[in-house]
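Q: As input, take target27.cif (mmCIF, C-alpha atoms):
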```
data_final
loop_
_atom_site.group_PDB
_atom_site.id
_atom_site.type_symbol
_atom_site.label_atom_id
_atom_site.label_comp_id
_atom_site.auth_asym_id
_atom_site.auth_seq_id
_atom_site.Cartn_x
_atom_site.Cartn_y
_atom_site.Cartn_z
ATOM 1 C CA MET A 1 0.000 0.000 0.000
ATOM 2 C CA LYS A 2 1.549 3.274 -1.128
ATOM 3 C CA VAL A 3 0.699 6.325 0.937
ATOM 4 C CA GLU A 4 1.109 9.680 -0.842
ATOM 5 C CA ILE A 5 1.735 13.040 0.817
ATOM 6 C CA ASP A 6 -0.537 16.051 0.310
ATOM 7 C CA THR A 7 1.405 18.739 -1.585
ATOM 8 C CA PHE A 8 -0.212 21.599 0.317
ATOM 9 C CA SER A 9 -0.871 20.399 3.861
ATOM 10 C CA GLY A 10 1.573 17.517 4.235
ATOM 11 C CA TYR A 11 -1.162 15.094 5.332
ATOM 12 C CA LYS A 12 -1.116 11.426 4.295
ATOM 13 C CA ILE A 13 -3.274 10.394 1.336
ATOM 14 C CA TYR A 14 -4.308 6.749 1.370
ATOM 15 C CA PRO A 15 -5.055 4.783 -1.823
ATOM 16 C CA SER A 16 -8.313 5.700 -3.620
ATOM 17 C CA LYS A 17 -8.529 8.962 -1.652
ATOM 18 C CA GLY A 18 -7.738 12.559 -2.608
ATOM 19 C CA ARG A 19 -7.422 14.379 -5.915
ATOM 20 C CA LEU A 20 -4.653 14.813 -8.453
ATOM 21 C CA PHE A 21 -3.851 18.102 -10.184
ATOM 22 C CA VAL A 22 -1.437 18.264 -13.116
ATOM 23 C CA ARG A 23 -0.155 21.725 -13.984
ATOM 24 C CA GLY A 24 0.690 22.875 -17.522
ATOM 25 C CA ASP A 25 4.387 22.175 -16.996
ATOM 26 C CA SER A 26 3.494 18.514 -16.175
ATOM 27 C CA ARG A 27 4.170 18.904 -12.431
ATOM 28 C CA VAL A 28 1.860 16.664 -10.342
ATOM 29 C CA PHE A 29 0.167 17.921 -7.160
ATOM 30 C CA ARG A 30 -1.802 15.647 -4.835
ATOM 31 C CA PHE A 31 -4.443 16.902 -2.424
ATOM 32 C CA ALA A 32 -6.150 15.070 0.461
ATOM 33 C CA SER A 33 -9.240 17.290 0.364
ATOM 34 C CA SER A 34 -10.939 19.965 -1.692
ATOM 35 C CA LYS A 35 -10.018 22.451 1.060
ATOM 36 C CA ASN A 36 -6.308 21.857 0.405
ATOM 37 C CA GLU A 37 -6.790 22.048 -3.352
ATOM 38 C CA SER A 38 -8.793 25.272 -3.080
ATOM 39 C CA LEU A 39 -6.166 26.964 -0.899
ATOM 40 C CA PHE A 40 -3.406 25.816 -3.271
ATOM 41 C CA LEU A 41 -5.237 27.217 -6.293
ATOM 42 C CA GLN A 42 -5.722 30.522 -4.413
ATOM 43 C CA ARG A 43 -1.935 30.560 -4.114
ATOM 44 C CA LYS A 44 -2.052 30.594 -0.306
ATOM 45 C CA ASN A 45 1.247 29.961 1.455
ATOM 46 C CA PRO A 46 1.037 26.768 3.565
ATOM 47 C CA ARG A 47 3.751 28.140 5.880
ATOM 48 C CA LYS A 48 1.281 30.819 7.014
ATOM 49 C CA ILE A 49 -1.682 28.485 7.599
ATOM 50 C CA ALA A 50 -1.581 27.178 11.153
ATOM 51 C CA TRP A 51 -2.973 23.653 10.640
ATOM 52 C CA THR A 52 -0.541 22.543 7.909
ATOM 53 C CA VAL A 53 2.388 20.238 8.669
ATOM 54 C CA VAL A 54 4.832 22.770 7.173
ATOM 55 C CA PHE A 55 3.638 25.483 9.576
ATOM 56 C CA ARG A 56 3.865 23.144 12.556
ATOM 57 C CA ARG A 57 7.413 22.076 11.643
ATOM 58 C CA MET A 58 8.490 25.663 11.079
ATOM 59 C CA HIS A 59 7.167 26.757 14.480
ATOM 60 C CA LYS A 60 8.418 23.624 16.316
ATOM 61 C CA LYS A 61 4.956 22.419 17.367
ATOM 62 C CA GLY A 62 4.356 18.944 18.823
ATOM 63 C CA ILE A 63 7.913 17.620 18.528
ATOM 64 C CA THR A 64 9.098 18.120 22.122
ATOM 65 C CA GLU A 65 8.099 14.644 23.315
ATOM 66 C CA GLU A 66 9.200 12.862 20.129
ATOM 67 C CA VAL A 67 12.749 14.148 19.721
ATOM 68 C CA ALA A 68 15.064 14.844 22.624
ATOM 69 C CA LYS A 69 16.953 18.114 22.421
ATOM 70 C CA LYS A 70 20.171 17.709 20.453
ATOM 71 C CA ARG A 71 23.306 18.181 22.470
ATOM 72 C CA SER A 72 25.774 20.623 21.049
ATOM 73 C CA ARG A 73 29.414 19.635 21.192
ATOM 74 C CA LYS A 74 31.847 22.019 22.785
ATOM 75 C CA THR A 75 34.535 23.246 20.466
ATOM 76 C CA VAL A 76 38.087 22.381 21.428
ATOM 77 C CA LYS A 77 40.786 24.884 20.586
ATOM 78 C CA HIS A 78 43.924 23.578 18.952
ATOM 79 C CA GLN A 79 47.024 25.622 18.297
ATOM 80 C CA ARG A 80 48.772 24.963 15.019
ATOM 81 C CA GLY A 81 51.560 26.604 13.113
ATOM 82 C CA ILE A 82 50.731 28.542 9.968
ATOM 83 C CA VAL A 83 52.531 28.892 6.660
ATOM 84 C CA GLY A 84 55.856 30.627 7.213
ATOM 85 C CA ALA A 85 55.856 30.200 11.014
ATOM 86 C CA ASP A 86 55.955 27.010 13.051
ATOM 87 C CA MET A 87 54.338 26.723 16.477
ATOM 88 C CA LYS A 88 57.612 27.255 18.396
ATOM 89 C CA SER A 89 58.328 30.619 16.753
ATOM 90 C CA ILE A 90 54.743 31.793 17.315
ATOM 91 C CA LEU A 91 54.903 30.899 21.023
ATOM 92 C CA ALA A 92 58.329 32.552 21.343
ATOM 93 C CA LYS A 93 56.988 35.799 19.878
ATOM 94 C CA ARG A 94 53.927 35.665 22.132
ATOM 95 C CA ASN A 95 56.051 35.210 25.263
ATOM 96 C CA GLN A 96 58.410 38.118 24.426
ATOM 97 C CA SER A 97 58.294 41.128 26.706
ATOM 98 C CA THR A 98 57.360 44.508 25.275
ATOM 99 C CA GLN A 99 60.940 45.798 25.677
ATOM 100 C CA GLU A 100 62.377 42.855 23.720
ATOM 101 C CA ARG A 101 59.765 43.285 21.015
ATOM 102 C CA ALA A 102 60.511 47.034 20.738
ATOM 103 C CA ALA A 103 64.273 46.368 20.522
ATOM 104 C CA VAL A 104 63.820 43.771 17.763
ATOM 105 C CA ARG A 105 61.491 46.102 15.875
ATOM 106 C CA SER A 106 63.829 49.093 16.065
ATOM 107 C CA ALA A 107 66.758 46.921 14.920
ATOM 108 C CA ALA A 108 64.721 45.712 11.932
ATOM 109 C CA ILE A 109 63.754 49.307 11.056
ATOM 110 C CA ALA A 110 67.382 50.483 11.293
ATOM 111 C CA LYS A 111 68.495 47.612 9.052
ATOM 112 C CA ALA A 112 65.812 48.431 6.481
ATOM 113 C CA LYS A 113 66.847 52.099 6.490
ATOM 114 C CA ASP A 114 70.506 51.166 5.924
ATOM 115 C CA VAL A 115 69.570 48.937 2.993
ATOM 116 C CA LYS A 116 67.443 51.718 1.496
ATOM 117 C CA LYS A 117 70.254 54.286 1.936
ATOM 118 C CA ASP A 118 72.750 51.931 0.253
ATOM 119 C CA LYS A 119 70.375 51.480 -2.700
ATOM 120 C CA GLU A 120 69.924 55.238 -3.070
ATOM 121 C CA THR A 121 73.683 55.898 -3.024
ATOM 122 C CA LYS A 122 74.268 53.193 -5.636
ATOM 123 C CA LYS A 123 71.488 54.660 -7.775
ATOM 124 C CA ALA A 124 72.952 58.187 -7.434
ATOM 125 C CA LYS A 125 76.449 56.960 -8.411
ATOM 126 C CA ALA A 126 75.079 55.130 -11.427
ATOM 127 C CA LYS A 127 72.977 58.107 -12.523
ATOM 128 C CA ALA A 128 75.639 60.850 -12.102
ATOM 129 C CA PRO A 129 77.948 59.984 -15.068
ATOM 130 C CA ALA A 130 74.970 59.579 -17.403
ATOM 131 C CA ARG A 131 74.523 63.384 -17.757
ATOM 132 C CA PRO A 132 77.461 65.433 -18.994
ATOM 133 C CA THR A 133 78.448 67.879 -16.269
ATOM 134 C CA GLY A 134 80.359 70.345 -18.489
ATOM 135 C CA SER A 135 77.477 71.333 -20.773
ATOM 136 C CA ASN A 136 75.686 74.550 -19.849
ATOM 137 C CA ALA A 137 72.736 73.857 -22.146
ATOM 138 C CA PRO A 138 69.373 74.615 -20.511
ATOM 139 C CA LYS A 139 67.160 71.650 -19.645
ATOM 140 C CA VAL A 140 64.353 71.174 -22.155
ATOM 141 C CA SER A 141 61.340 69.033 -21.349
ATOM 142 C CA LYS A 142 59.657 66.800 -23.903
ATOM 143 C CA GLN A 143 56.708 69.181 -24.096
ATOM 144 C CA GLN A 144 58.957 72.142 -24.851
ATOM 145 C CA ALA A 145 60.908 70.146 -27.403
ATOM 146 C CA LYS A 146 57.665 69.441 -29.278
ATOM 147 C CA GLY A 147 57.048 73.161 -29.522
ATOM 148 C CA SER A 148 53.747 73.479 -27.698
ATOM 149 C CA GLY A 149 55.077 75.679 -24.921
ATOM 150 C CA GLY A 150 53.012 78.426 -23.261
ATOM 151 C CA GLY A 151 50.030 80.318 -24.745
ATOM 152 C CA GLY A 152 48.907 79.940 -28.289
ATOM 153 C CA ASN A 153 45.481 79.364 -29.781
ATOM 154 C CA LYS A 154 43.673 76.862 -27.554
ATOM 155 C CA SER A 155 40.683 76.516 -29.864
ATOM 156 C CA ALA A 156 42.965 74.999 -32.490
ATOM 157 C CA ARG A 157 43.537 71.945 -30.219
ATOM 158 C CA TYR A 158 39.890 71.035 -29.864
#
```
Would you mind writing the file out in structure tokens?
A:
Amino acid sequence: MKVEIDTFSGYKIYPSKGRLFVRGDSRVFRFASSKNESLFLQRKNPRKIAWTVVFRRMHKKGITEEVAKKRSRKTVKHQRGIVGADMKSILAKRNQSTQERAAVRSAAIAKAKDVKKDKETKKAKAKAPARPTGSNAPKVSKQQAKGSGGGGNKSARY
């Protein structure tokens, strides 16, 4: 014996009972009573009608004695290393005092500044012989070299 479920209310439909409705897109709907069919055809939402199974499930009605409350498991915290730092180095950094941390930071900043200064001096040495020092020719920008310097007729550009 196959028991169907009412599409609207969720009630059981026993063999030789209920009605069948087939929509234009060939979807089949089964109804236990004309009341369910009528409400479905009026496009009523079964979640808002208090006697339907869907409403009762949504509002947790009548399930307290059936199902015991689920126990939630407590989360356990685990400490793991991340990419680029193993657990020992992370713990070492965490246990540092503020003075140690400040000293390490200032040393790192000083080292970075030295590296930057060295790069700038190398860049300046490499750049200096590129321009001839003896020539007294005035500097001319690309714009001036093209010949569009200063005033002129602006309407000609547009």
Q: Distance CA of Phe8 in chain A-CA of Glu37 in chain A, one decimal place?
A: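 Distance reported for this atom pair: 7.5 Å.
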Q: List, as a PyMOL selection string, every residue that the PyMOL selection byres ((chain A and resi 10) around 12) selects in the file provided.
A: chain A and resi 3-9+11-13+29-33+36+46-47+49+51-57
Q: The selected residues should be written to file as a compact mmCIF listing (two decimals), in the coordinates of the input (atoms: C-alpha atoms).
A:
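selection-v2.txt, freshly written:
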```
# COMPACT_ATOMS: atom_id res chain seq x y z
CA VAL A 3 0.70 6.32 0.94
CA GLU A 4 1.11 9.68 -0.84
CA ILE A 5 1.74 13.04 0.82
CA ASP A 6 -0.54 16.05 0.31
CA THR A 7 1.40 18.74 -1.58
CA PHE A 8 -0.21 21.60 0.32
CA SER A 9 -0.87 20.40 3.86
CA TYR A 11 -1.16 15.09 5.33
CA LYS A 12 -1.12 11.43 4.30
CA ILE A 13 -3.27 10.39 1.34
CA PHE A 29 0.17 17.92 -7.16
CA ARG A 30 -1.80 15.65 -4.84
CA PHE A 31 -4.44 16.90 -2.42
CA ALA A 32 -6.15 15.07 0.46
CA SER A 33 -9.24 17.29 0.36
CA ASN A 36 -6.31 21.86 0.40
CA PRO A 46 1.04 26.77 3.56
CA ARG A 47 3.75 28.14 5.88
CA ILE A 49 -1.68 28.48 7.60
CA TRP A 51 -2.97 23.65 10.64
CA THR A 52 -0.54 22.54 7.91
CA VAL A 53 2.39 20.24 8.67
CA VAL A 54 4.83 22.77 7.17
CA PHE A 55 3.64 25.48 9.58
CA ARG A 56 3.86 23.14 12.56
CA ARG A 57 7.41 22.08 11.64
```
Q: Just the number, please: distance in Å from CA of His78 in chain A to CA of Arg94 in chain A, one decimal.
A: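 Computing the Euclidean distance for CA of His78 in chain A and CA of Arg94 in chain A yields 16.0 Å.
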